[in-house]
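J.: Supplied structure: structure-v4.txt, compact mmCIF, C-alpha atoms.
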# COMPACT_ATOMS: atom_id res chain seq x y z
CA MET A 28 100.64 142.10 102.30
CA ARG A 29 101.28 144.33 99.32
CA ILE A 30 104.10 146.90 99.06
CA LEU A 31 104.32 149.14 96.01
CA VAL A 32 106.99 151.76 95.32
CA GLN A 33 106.19 153.54 92.09
CA GLU A 34 106.49 156.78 90.16
CA ALA A 35 103.02 156.57 88.62
CA PRO A 36 99.89 157.93 90.33
CA PHE A 37 97.59 155.44 92.03
CA ASP A 38 93.80 155.32 92.14
CA LEU A 39 92.86 155.69 95.80
CA GLY A 40 89.28 154.52 95.28
CA ALA A 41 90.20 151.47 93.24
CA GLU A 42 93.05 150.50 95.57
CA SER A 43 90.85 150.91 98.67
CA ALA A 44 88.00 148.94 97.11
CA ARG A 45 90.30 146.14 95.98
CA PHE A 46 91.93 146.00 99.42
CA ALA A 47 88.61 145.81 101.26
CA ALA A 48 86.98 143.29 98.90
CA GLY A 49 86.88 139.54 99.32
CA HIS A 50 87.23 139.20 103.10
CA THR A 51 84.52 137.84 105.32
CA ASP A 52 86.60 137.76 108.51
CA ILE A 53 87.41 141.48 108.46
CA GLY A 54 85.32 143.99 110.40
CA ALA A 55 87.46 147.09 109.89
CA VAL A 56 89.47 148.70 107.11
CA VAL A 57 91.46 151.88 107.79
CA THR A 58 93.13 153.86 105.02
CA PHE A 59 95.43 156.86 105.26
CA THR A 60 96.48 158.99 102.30
CA GLY A 61 99.37 161.46 102.18
CA VAL A 62 98.90 164.44 99.86
CA VAL A 63 101.43 167.03 98.60
CA ARG A 64 100.70 170.20 100.57
CA ASP A 65 101.54 173.60 99.11
CA SER A 66 104.45 175.39 100.77
CA ASP A 67 103.72 177.97 103.49
CA GLU A 68 106.18 180.51 102.07
CA ALA A 69 106.32 180.43 98.24
CA PRO A 70 103.96 178.55 95.92
CA LEU A 71 105.23 175.03 95.47
CA GLN A 72 105.99 174.17 91.85
CA VAL A 73 106.83 170.58 92.49
CA MET A 74 107.77 168.19 95.29
CA GLU A 75 110.67 165.96 94.25
CA ILE A 76 110.73 162.68 96.14
CA GLU A 77 113.98 160.74 96.05
CA HIS A 78 114.35 157.22 97.41
CA TYR A 79 116.87 154.40 97.78
CA PRO A 80 115.72 151.63 95.42
CA GLY A 81 116.10 148.27 97.12
CA MET A 82 116.33 149.57 100.67
CA THR A 83 112.96 151.29 100.28
CA GLU A 84 111.08 148.10 99.43
CA ARG A 85 113.00 146.23 102.09
CA SER A 86 112.31 148.71 104.89
CA LEU A 87 108.62 149.08 103.98
CA THR A 88 108.28 145.29 104.04
CA GLU A 89 110.00 145.10 107.44
CA ILE A 90 107.77 147.83 108.86
CA ALA A 91 104.62 146.10 107.53
CA GLN A 92 105.80 142.75 108.92
CA GLU A 93 106.41 144.37 112.30
CA ALA A 94 102.86 145.77 112.24
CA GLN A 95 101.55 142.28 111.52
CA THR A 96 103.36 140.83 114.52
CA ARG A 97 102.10 143.58 116.85
CA TRP A 98 98.46 143.65 115.77
CA SER A 99 96.04 141.07 114.54
CA LEU A 100 95.73 142.10 110.90
CA GLY A 101 94.05 140.45 107.97
CA ASP A 102 96.06 142.41 105.44
CA VAL A 103 98.36 145.43 104.93
CA LEU A 104 98.86 147.65 101.87
CA VAL A 105 101.52 150.33 101.41
CA ILE A 106 101.86 152.40 98.23
CA HIS A 107 104.52 155.13 98.12
CA ARG A 108 105.39 157.25 95.11
CA TYR A 109 108.64 158.92 94.13
CA GLY A 110 109.58 161.46 91.46
CA ALA A 111 108.12 164.91 90.75
CA LEU A 112 104.69 165.51 92.32
CA LYS A 113 102.49 168.60 92.18
CA PRO A 114 100.49 170.13 95.08
CA GLY A 115 97.31 168.15 95.64
CA GLU A 116 98.75 164.92 94.22
CA MET A 117 98.65 161.83 96.38
CA ILE A 118 102.11 160.77 97.61
CA MET A 119 101.29 157.58 99.43
CA MET A 120 98.66 155.46 101.11
CA VAL A 121 98.51 152.77 103.75
CA ALA A 122 95.60 150.47 104.40
CA THR A 123 95.09 147.99 107.22
CA ALA A 124 92.39 145.38 107.62
CA ALA A 125 91.51 143.72 110.93
CA ARG A 126 88.66 142.00 112.74
CA HIS A 127 88.24 145.07 114.96
CA ARG A 128 88.87 148.76 114.34
CA LYS A 129 91.34 149.32 117.19
CA ASP A 130 93.92 147.04 115.58
CA ALA A 131 93.35 148.61 112.15
CA PHE A 132 93.68 152.21 113.44
CA GLU A 133 96.69 151.56 115.63
CA ALA A 134 98.53 149.58 112.97
CA ALA A 135 97.91 152.33 110.39
CA GLU A 136 99.34 154.94 112.77
CA PHE A 137 102.33 152.73 113.52
CA LEU A 138 102.98 152.26 109.79
CA MET A 139 102.80 156.02 109.21
CA ASP A 140 105.09 156.89 112.13
CA TYR A 141 107.69 154.35 111.04
CA LEU A 142 107.67 154.99 107.34
CA LYS A 143 108.02 158.74 107.95
CA SER A 144 111.43 158.37 109.55
CA ARG A 145 112.61 154.83 108.76
CA ALA A 146 111.85 154.38 105.07
CA PRO A 147 114.52 155.97 102.83
CA PHE A 148 112.57 158.76 101.14
CA TRP A 149 113.64 162.41 100.95
CA LYS A 150 111.40 165.31 99.97
CA CYS A 151 112.69 168.36 98.14
CA GLU A 152 110.45 171.42 97.64
CA VAL A 153 110.92 173.30 94.38
CA THR A 154 109.64 176.90 94.35
CA ALA A 155 110.45 179.99 92.27
CA ALA A 156 113.02 180.81 94.98
CA GLY A 157 114.92 177.56 94.45
CA THR A 158 115.06 174.08 95.96
CA ASP A 159 114.86 173.11 99.62
CA TRP A 160 115.31 169.66 101.15
CA VAL A 161 112.56 169.22 103.72
CA PRO A 162 114.22 168.73 107.12
CA ALA A 163 113.15 165.83 109.32
CA LYS A 164 111.10 166.93 112.33
CA GLU A 165 112.15 166.04 115.83
CA GLU A 166 108.54 165.21 116.67
CA ASP A 167 108.54 162.56 113.92
CA GLU A 168 111.50 160.86 115.58
CA ASP A 169 109.80 161.24 119.00
CA ALA A 170 106.63 159.65 117.58
CA LEU A 171 108.49 156.31 117.36
CA ASN A 172 108.97 156.20 121.11
CA ARG A 173 105.32 155.58 121.82
CA TRP A 174 105.37 152.22 120.08
CA MET B 26 132.82 148.79 98.01
CA ASN B 27 129.99 150.76 96.49
CA VAL B 28 129.32 154.06 98.26
CA LEU B 29 125.96 155.77 97.65
CA TYR B 30 124.81 159.30 98.43
CA PHE B 31 121.27 160.62 98.59
CA ALA B 32 119.46 163.99 98.80
CA TRP B 33 121.70 166.94 99.78
CA VAL B 34 124.63 164.63 100.50
CA ARG B 35 124.50 163.59 96.84
CA GLU B 36 124.27 167.24 95.77
CA ARG B 37 127.24 168.35 97.87
CA ILE B 38 129.45 165.49 96.73
CA GLY B 39 128.23 165.81 93.17
CA LEU B 40 127.53 162.18 92.36
CA PRO B 41 125.03 159.49 93.37
CA ARG B 42 127.46 156.56 93.76
CA GLU B 43 131.06 155.58 93.38
CA GLU B 44 133.33 152.59 93.85
CA VAL B 45 135.70 153.22 96.76
CA ASP B 46 138.84 151.25 97.57
CA SER B 47 139.20 151.49 101.30
CA THR B 48 140.87 149.74 104.21
CA ALA B 49 138.56 151.45 106.70
CA GLU B 50 137.32 149.15 109.43
CA THR B 51 134.36 151.27 110.47
CA VAL B 52 131.98 153.75 108.86
CA SER B 53 133.70 156.61 110.73
CA GLU B 54 137.08 155.60 109.31
CA LEU B 55 135.60 155.52 105.81
CA VAL B 56 134.19 159.03 106.33
CA ASP B 57 137.64 160.20 107.56
CA GLU B 58 139.18 158.86 104.34
CA LEU B 59 136.58 160.55 102.15
CA VAL B 60 136.85 163.87 104.00
CA ALA B 61 140.64 163.84 103.52
CA ARG B 62 140.19 163.51 99.75
CA GLU B 63 138.50 166.74 98.72
CA GLU B 64 136.65 169.75 100.04
CA ARG B 65 133.27 168.61 98.67
CA TYR B 66 133.42 165.53 100.93
CA ALA B 67 134.39 167.69 103.91
CA ALA B 68 131.36 169.89 103.14
CA ALA B 69 128.99 166.92 102.93
CA PHE B 70 130.28 165.28 106.13
CA ALA B 71 130.84 168.49 108.15
CA ASP B 72 128.14 167.53 110.67
CA ARG B 73 127.98 163.77 111.01
CA SER B 74 125.15 164.01 113.54
CA ALA B 75 123.00 165.36 110.66
CA LEU B 76 123.62 162.18 108.65
CA ARG B 77 122.41 158.61 108.64
CA VAL B 78 124.24 155.59 107.27
CA ALA B 79 123.09 152.25 105.91
CA ILE B 80 125.32 149.22 105.37
CA ASP B 81 123.94 146.80 102.79
CA GLN B 82 120.59 148.59 103.04
CA GLU B 83 120.27 148.34 106.84
CA LEU B 84 120.44 151.44 109.06
CA ARG B 85 123.58 151.35 111.21
CA ASP B 86 125.71 153.64 113.42
CA PHE B 87 128.90 155.38 112.39
CA ASP B 88 130.95 153.07 114.61
CA ALA B 89 129.58 149.97 112.84
CA PRO B 90 132.21 147.64 111.33
CA LEU B 91 132.55 147.51 107.55
CA ALA B 92 133.85 143.93 107.31
CA GLY B 93 132.10 142.23 104.39
CA ALA B 94 130.10 145.34 103.43
CA ARG B 95 129.26 145.63 99.74
CA GLU B 96 127.23 148.83 99.82
CA VAL B 97 127.43 151.82 102.16
CA ALA B 98 124.95 154.68 101.81
CA PHE B 99 124.99 158.16 103.37
CA PHE B 100 121.92 160.38 103.56
CA PRO B 101 120.10 162.94 105.73
CA PRO B 102 117.33 161.86 108.11
CA MET B 103 114.48 160.40 106.09
CA THR B 104 111.29 162.29 105.29
CA GLY B 105 108.82 159.75 103.96
CA GLY B 106 105.06 159.71 104.25
What is this structure when it is put down as structure tokens?
T.:
Amino acid sequence: MRILVQEAPFDLGAESARFAAGHTDIGAVVTFTGVVRDSDEAPLQVMEIEHYPGMTERSLTEIAQEAQTRWSLGDVLVIHRYGALKPGEMIMMVATAARHRKDAFEAAEFLMDYLKSRAPFWKCEVTAAGTDWVPAKEEDEDALNRW
Amino acid sequence: MNVLYFAWVRERIGLPREEVDSTAETVSELVDELVAREERYAAAFADRSALRVAIDQELRDFDAPLAGAREVAFFPPMTGG
């Protein structure tokens, strides 16, 4: 299991290749990447991502450990950035490796649902009109109930 | 104890962390003490249902006891991913 919380960009291809390499007992690797989407109203200048150092690493580790107890996984990777990101930049990625694809897909969805509303990150959109903290969506909270 | 604020809670209160001397037994009592201090705290804590709290980096409820707590953090619902 690898958990990285960093300001710097990450190389999706290199991280995915490194994650998938070196296993012979793995039949499936699923990766998900979150990208900064431009705002619907005004052009987004930057997305500021704030986090709670310490609690962030701890909660991501707990969520990844929970995924490992629920599904049969060979490995888990979570990378999440913070700081000022521009539209089109990659915010985060998760990768799961398993013998079979069902475990890898489900675990990746579980990780995404949980880290959206249980890992201490906050997004703030900066446009010409000012700054706006992105509100949490009720459906994101509801998404936890299916697990 | 160390009290931390994040996102718009930090902006409304005007600082990211502070050392607070408190005899509060629960999170709610601590919030009552802070709100009684100054308007900026009242503004930040006006709607407690819009806030989340962590004690020593674990999510808790507002009625959670503070005994032994070293770090209490207040923030809006998280928006990771």
J.: Write out as a ChimeraX atom specification the residues lying within 12 Å of Gly40 of chain A, counting all atoms listed in the file and excluding same-chain residues fewer than 4 positions away.
T.: /A:44-47,58-60,117,120,122
J.: Within 7 Å of segment 62-69 of chain A, counting only C-alpha atoms, which residues qualify if same-chain residues fewer than 5 places away don't, as a ChimeraX atom specification?
T.: /A:113-118,154
J.: I'd like the contact shell of Ile106 of chain A - 8 Å cut-off, only C-alpha atoms, skipping same-chain residues fewer than 6 positions apart - returned as a list in words.
T.: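 After dropping sequence-adjacent residues, the list is Ile30, Leu31, Val32, Gln33, Met119, Met120 and Val121 of chain A.
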J.: Could you tell me which of A:Glu42, A:Asp140, A:Glu152, A:Glu34 comes closest to chain B if we count all atoms listed in the file?
T.: A:Asp140
J.: Taking only C-alpha atoms into account and nothing else, which residues of chain A lie no more than 12 Å away from chain B? Please answer as JSON, numbers by chain.
T.: {"A": [32, 59, 60, 61, 62, 63, 64, 75, 76, 77, 78, 79, 80, 81, 82, 83, 84, 85, 86, 87, 89, 105, 106, 107, 108, 109, 117, 118, 119, 120, 121, 135, 136, 137, 138, 139, 140, 141, 142, 143, 144, 145, 146, 147, 148, 149, 150, 151, 152, 158, 159, 160, 161, 162, 163, 164, 165, 167, 168]}
J.: Name the residues in contact with Ser47 of chain B at a cut-off of 10 Å, using only C-alpha atoms, excluding same-chain residues fewer than 5 positions from it; report them as a list in words.
T.: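 Listed by chain and then number, they are Met26, Glu54, Leu55, Glu58, Leu59 and Leu91 of chain B.
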J.: List as a compact mmCIF listing (two decimals) with C-alpha atoms, in the frame of the given file: which residues have an atom within 10 Å of (130.1, 166.4, 97.2), counting all atoms listed in the file?
T.:
# COMPACT_ATOMS: atom_id res chain seq x y z
CA TYR B 30 124.81 159.30 98.43
CA TRP B 33 121.70 166.94 99.78
CA VAL B 34 124.63 164.63 100.50
CA ARG B 35 124.50 163.59 96.84
CA GLU B 36 124.27 167.24 95.77
CA ARG B 37 127.24 168.35 97.87
CA ILE B 38 129.45 165.49 96.73
CA GLY B 39 128.23 165.81 93.17
CA LEU B 40 127.53 162.18 92.36
CA PRO B 41 125.03 159.49 93.37
CA VAL B 60 136.85 163.87 104.00
CA GLU B 63 138.50 166.74 98.72
CA GLU B 64 136.65 169.75 100.04
CA ARG B 65 133.27 168.61 98.67
CA TYR B 66 133.42 165.53 100.93
CA ALA B 67 134.39 167.69 103.91
CA ALA B 68 131.36 169.89 103.14
CA ALA B 69 128.99 166.92 102.93
CA PHE B 70 130.28 165.28 106.13
J.: Just the number, please: distance in Å from atom CA of Thr96 of chain A to atom CA of Ala134 of chain A, one decimal.
T.: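 Between these atoms lies a distance of 10.1 Å.
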J.: Which centre and which edge lengths, in Å to one decimal, describe the axis-aligned box that holds all listed atoms of segment 144-148 of chain A after 5 Å is added on each side, as JSON?
T.:
{"center_x": 113.0, "center_y": 156.6, "center_z": 105.3, "size_x": 13.1, "size_y": 14.4, "size_z": 18.4}
J.: Mind giving me the straight-line distance from atom CA of Glu133 of chain A to atom CA of Phe37 of chain A in Å, one decimal?
T.: 23.9 Å
J.: What does the distance from atom CA of Arg85 of chain B to atom CA of Asn172 of chain A come to in Å, to one decimal?
T.: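 Here the two named atoms are 18.3 Å from each other.
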J.: Using all atoms listed in the file, find the one residue out of A:Leu104, A:Ala94, A:Ala125, A:Leu39 that sits nearest to Asp52 of chain A.
T.: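 Of A:Leu104, A:Ala94, A:Ala125, A:Leu39, the one nearest Asp52 of chain A, counting all atoms listed in the file, is A:Ala125.
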J.: At a cut-off of 12 Å, using only C-alpha atoms, what residues contact Ser53 of chain B? Leave out same-chain residues fewer than 2 positions from it and give the result as a list in words.
T.: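 My list of contacting residues is Thr48, Ala49, Glu50, Thr51, Leu55, Val56, Asp57, Glu58, Leu59, Val60, Phe70, Arg73, Ser74, Leu76, Arg77, Val78, Arg85, Asp86, Phe87, Asp88, Ala89, Pro90, Leu91, Val97 and Phe99 of chain B.
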J.: Suppose we keep C-alpha atoms; can you now write the selection as a PDB file, in the coordinates of the input?
T.:
ATOM      1  CA  THR B  48     140.870 149.740 104.210  1.00  0.00           C
ATOM      2  CA  ALA B  49     138.560 151.450 106.700  1.00  0.00           C
ATOM      3  CA  GLU B  50     137.320 149.150 109.430  1.00  0.00           C
ATOM      4  CA  THR B  51     134.360 151.270 110.470  1.00  0.00           C
ATOM      5  CA  LEU B  55     135.600 155.520 105.810  1.00  0.00           C
ATOM      6  CA  VAL B  56     134.190 159.030 106.330  1.00  0.00           C
ATOM      7  CA  ASP B  57     137.640 160.200 107.560  1.00  0.00           C
ATOM      8  CA  GLU B  58     139.180 158.860 104.340  1.00  0.00           C
ATOM      9  CA  LEU B  59     136.580 160.550 102.150  1.00  0.00           C
ATOM     10  CA  VAL B  60     136.850 163.870 104.000  1.00  0.00           C
ATOM     11  CA  PHE B  70     130.280 165.280 106.130  1.00  0.00           C
ATOM     12  CA  ARG B  73     127.980 163.770 111.010  1.00  0.00           C
ATOM     13  CA  SER B  74     125.150 164.010 113.540  1.00  0.00           C
ATOM     14  CA  LEU B  76     123.620 162.180 108.650  1.00  0.00           C
ATOM     15  CA  ARG B  77     122.410 158.610 108.640  1.00  0.00           C
ATOM     16  CA  VAL B  78     124.240 155.590 107.270  1.00  0.00           C
ATOM     17  CA  ARG B  85     123.580 151.350 111.210  1.00  0.00           C
ATOM     18  CA  ASP B  86     125.710 153.640 113.420  1.00  0.00           C
ATOM     19  CA  PHE B  87     128.900 155.380 112.390  1.00  0.00           C
ATOM     20  CA  ASP B  88     130.950 153.070 114.610  1.00  0.00           C
ATOM     21  CA  ALA B  89     129.580 149.970 112.840  1.00  0.00           C
ATOM     22  CA  PRO B  90     132.210 147.640 111.330  1.00  0.00           C
ATOM     23  CA  LEU B  91     132.550 147.510 107.550  1.00  0.00           C
ATOM     24  CA  VAL B  97     127.430 151.820 102.160  1.00  0.00           C
ATOM     25  CA  PHE B  99     124.990 158.160 103.370  1.00  0.00           C
TER      26      PHE B  99
END
J.: At the level of N, CA and C atoms, write segment 61-91 of chain A to a file as a PDB file, in the first residue's frame, please.
T.:
ATOM      1  N   GLY A  61      -8.574  11.918 -10.937  1.00  0.00           N
ATOM      2  CA  GLY A  61      -9.413  13.105 -10.784  1.00  0.00           C
ATOM      3  C   GLY A  61      -8.704  14.298 -11.400  1.00  0.00           C
ATOM      4  N   VAL A  62      -9.442  15.070 -12.213  1.00  0.00           N
ATOM      5  CA  VAL A  62      -8.860  16.188 -12.954  1.00  0.00           C
ATOM      6  C   VAL A  62      -9.599  17.476 -12.572  1.00  0.00           C
ATOM      7  N   VAL A  63      -8.897  18.594 -12.510  1.00  0.00           N
ATOM      8  CA  VAL A  63      -9.541  19.889 -12.220  1.00  0.00           C
ATOM      9  C   VAL A  63     -10.419  20.279 -13.410  1.00  0.00           C
ATOM     10  N   ARG A  64     -11.718  20.400 -13.148  1.00  0.00           N
ATOM     11  CA  ARG A  64     -12.673  20.753 -14.199  1.00  0.00           C
ATOM     12  C   ARG A  64     -12.922  22.262 -14.144  1.00  0.00           C
ATOM     13  N   ASP A  65     -13.021  22.883 -15.314  1.00  0.00           N
ATOM     14  CA  ASP A  65     -13.295  24.313 -15.351  1.00  0.00           C
ATOM     15  C   ASP A  65     -14.673  24.574 -14.751  1.00  0.00           C
ATOM     16  N   SER A  66     -14.846  25.761 -14.190  1.00  0.00           N
ATOM     17  CA  SER A  66     -16.107  26.115 -13.548  1.00  0.00           C
ATOM     18  C   SER A  66     -17.203  26.296 -14.602  1.00  0.00           C
ATOM     19  N   ASP A  67     -18.466  26.014 -14.206  1.00  0.00           N
ATOM     20  CA  ASP A  67     -19.580  26.173 -15.144  1.00  0.00           C
ATOM     21  C   ASP A  67     -19.904  27.644 -15.375  1.00  0.00           C
ATOM     22  N   GLU A  68     -19.702  28.478 -14.368  1.00  0.00           N
ATOM     23  CA  GLU A  68     -20.093  29.886 -14.466  1.00  0.00           C
ATOM     24  C   GLU A  68     -18.969  30.748 -15.075  1.00  0.00           C
ATOM     25  N   ALA A  69     -17.929  31.034 -14.283  1.00  0.00           N
ATOM     26  CA  ALA A  69     -16.836  31.886 -14.771  1.00  0.00           C
ATOM     27  C   ALA A  69     -15.608  31.021 -14.998  1.00  0.00           C
ATOM     28  N   PRO A  70     -14.726  31.425 -15.922  1.00  0.00           N
ATOM     29  CA  PRO A  70     -13.507  30.629 -16.131  1.00  0.00           C
ATOM     30  C   PRO A  70     -12.717  30.491 -14.829  1.00  0.00           C
ATOM     31  N   LEU A  71     -12.315  29.271 -14.563  1.00  0.00           N
ATOM     32  CA  LEU A  71     -11.578  28.993 -13.334  1.00  0.00           C
ATOM     33  C   LEU A  71     -10.113  29.398 -13.511  1.00  0.00           C
ATOM     34  N   GLN A  72      -9.633  30.263 -12.616  1.00  0.00           N
ATOM     35  CA  GLN A  72      -8.216  30.636 -12.678  1.00  0.00           C
ATOM     36  C   GLN A  72      -7.384  29.553 -12.000  1.00  0.00           C
ATOM     37  N   VAL A  73      -7.856  29.164 -10.840  1.00  0.00           N
ATOM     38  CA  VAL A  73      -7.105  28.170 -10.089  1.00  0.00           C
ATOM     39  C   VAL A  73      -8.035  27.468  -9.099  1.00  0.00           C
ATOM     40  N   MET A  74      -7.734  26.222  -8.809  1.00  0.00           N
ATOM     41  CA  MET A  74      -8.435  25.486  -7.756  1.00  0.00           C
ATOM     42  C   MET A  74      -7.458  25.329  -6.594  1.00  0.00           C
ATOM     43  N   GLU A  75      -7.798  25.959  -5.469  1.00  0.00           N
ATOM     44  CA  GLU A  75      -6.947  25.850  -4.280  1.00  0.00           C
ATOM     45  C   GLU A  75      -7.429  24.657  -3.466  1.00  0.00           C
ATOM     46  N   ILE A  76      -6.530  23.739  -3.173  1.00  0.00           N
ATOM     47  CA  ILE A  76      -6.903  22.584  -2.362  1.00  0.00           C
ATOM     48  C   ILE A  76      -6.165  22.651  -1.025  1.00  0.00           C
ATOM     49  N   GLU A  77      -6.980  22.775   0.027  1.00  0.00           N
ATOM     50  CA  GLU A  77      -6.423  22.837   1.382  1.00  0.00           C
ATOM     51  C   GLU A  77      -6.573  21.453   2.021  1.00  0.00           C
ATOM     52  N   HIS A  78      -5.693  21.113   2.925  1.00  0.00           N
ATOM     53  CA  HIS A  78      -5.867  19.830   3.625  1.00  0.00           C
ATOM     54  C   HIS A  78      -5.360  19.952   5.057  1.00  0.00           C
ATOM     55  N   TYR A  79      -5.544  18.885   5.806  1.00  0.00           N
ATOM     56  CA  TYR A  79      -5.212  18.858   7.237  1.00  0.00           C
ATOM     57  C   TYR A  79      -4.023  17.904   7.390  1.00  0.00           C
ATOM     58  N   PRO A  80      -2.794  18.447   7.311  1.00  0.00           N
ATOM     59  CA  PRO A  80      -1.617  17.574   7.361  1.00  0.00           C
ATOM     60  C   PRO A  80      -1.664  16.679   8.605  1.00  0.00           C
ATOM     61  N   GLY A  81      -1.367  15.440   8.437  1.00  0.00           N
ATOM     62  CA  GLY A  81      -1.436  14.509   9.566  1.00  0.00           C
ATOM     63  C   GLY A  81      -2.721  13.709   9.483  1.00  0.00           C
ATOM     64  N   MET A  82      -3.848  14.401   9.623  1.00  0.00           N
ATOM     65  CA  MET A  82      -5.132  13.696   9.538  1.00  0.00           C
ATOM     66  C   MET A  82      -5.367  13.178   8.122  1.00  0.00           C
ATOM     67  N   THR A  83      -4.880  13.908   7.124  1.00  0.00           N
ATOM     68  CA  THR A  83      -5.072  13.486   5.733  1.00  0.00           C
ATOM     69  C   THR A  83      -4.428  12.127   5.496  1.00  0.00           C
ATOM     70  N   GLU A  84      -3.146  12.023   5.843  1.00  0.00           N
ATOM     71  CA  GLU A  84      -2.419  10.767   5.619  1.00  0.00           C
ATOM     72  C   GLU A  84      -3.075   9.632   6.420  1.00  0.00           C
ATOM     73  N   ARG A  85      -3.467   9.982   7.636  1.00  0.00           N
ATOM     74  CA  ARG A  85      -4.068   8.993   8.517  1.00  0.00           C
ATOM     75  C   ARG A  85      -5.400   8.479   7.972  1.00  0.00           C
ATOM     76  N   SER A  86      -6.263   9.400   7.499  1.00  0.00           N
ATOM     77  CA  SER A  86      -7.568   8.954   7.021  1.00  0.00           C
ATOM     78  C   SER A  86      -7.440   8.207   5.693  1.00  0.00           C
ATOM     79  N   LEU A  87      -6.518   8.640   4.827  1.00  0.00           N
ATOM     80  CA  LEU A  87      -6.337   7.908   3.557  1.00  0.00           C
ATOM     81  C   LEU A  87      -5.830   6.491   3.835  1.00  0.00           C
ATOM     82  N   THR A  88      -4.933   6.363   4.809  1.00  0.00           N
ATOM     83  CA  THR A  88      -4.419   5.038   5.172  1.00  0.00           C
ATOM     84  C   THR A  88      -5.542   4.160   5.717  1.00  0.00           C
ATOM     85  N   GLU A  89      -6.384   4.741   6.575  1.00  0.00           N
ATOM     86  CA  GLU A  89      -7.499   3.971   7.147  1.00  0.00           C
ATOM     87  C   GLU A  89      -8.467   3.516   6.058  1.00  0.00           C
ATOM     88  N   ILE A  90      -8.747   4.411   5.111  1.00  0.00           N
ATOM     89  CA  ILE A  90      -9.681   4.079   4.032  1.00  0.00           C
ATOM     90  C   ILE A  90      -9.081   2.966   3.149  1.00  0.00           C
ATOM     91  N   ALA A  91      -7.799   3.059   2.861  1.00  0.00           N
ATOM     92  CA  ALA A  91      -7.138   2.029   2.038  1.00  0.00           C
ATOM     93  C   ALA A  91      -7.098   0.691   2.784  1.00  0.00           C
TER      94      ALA A  91
END
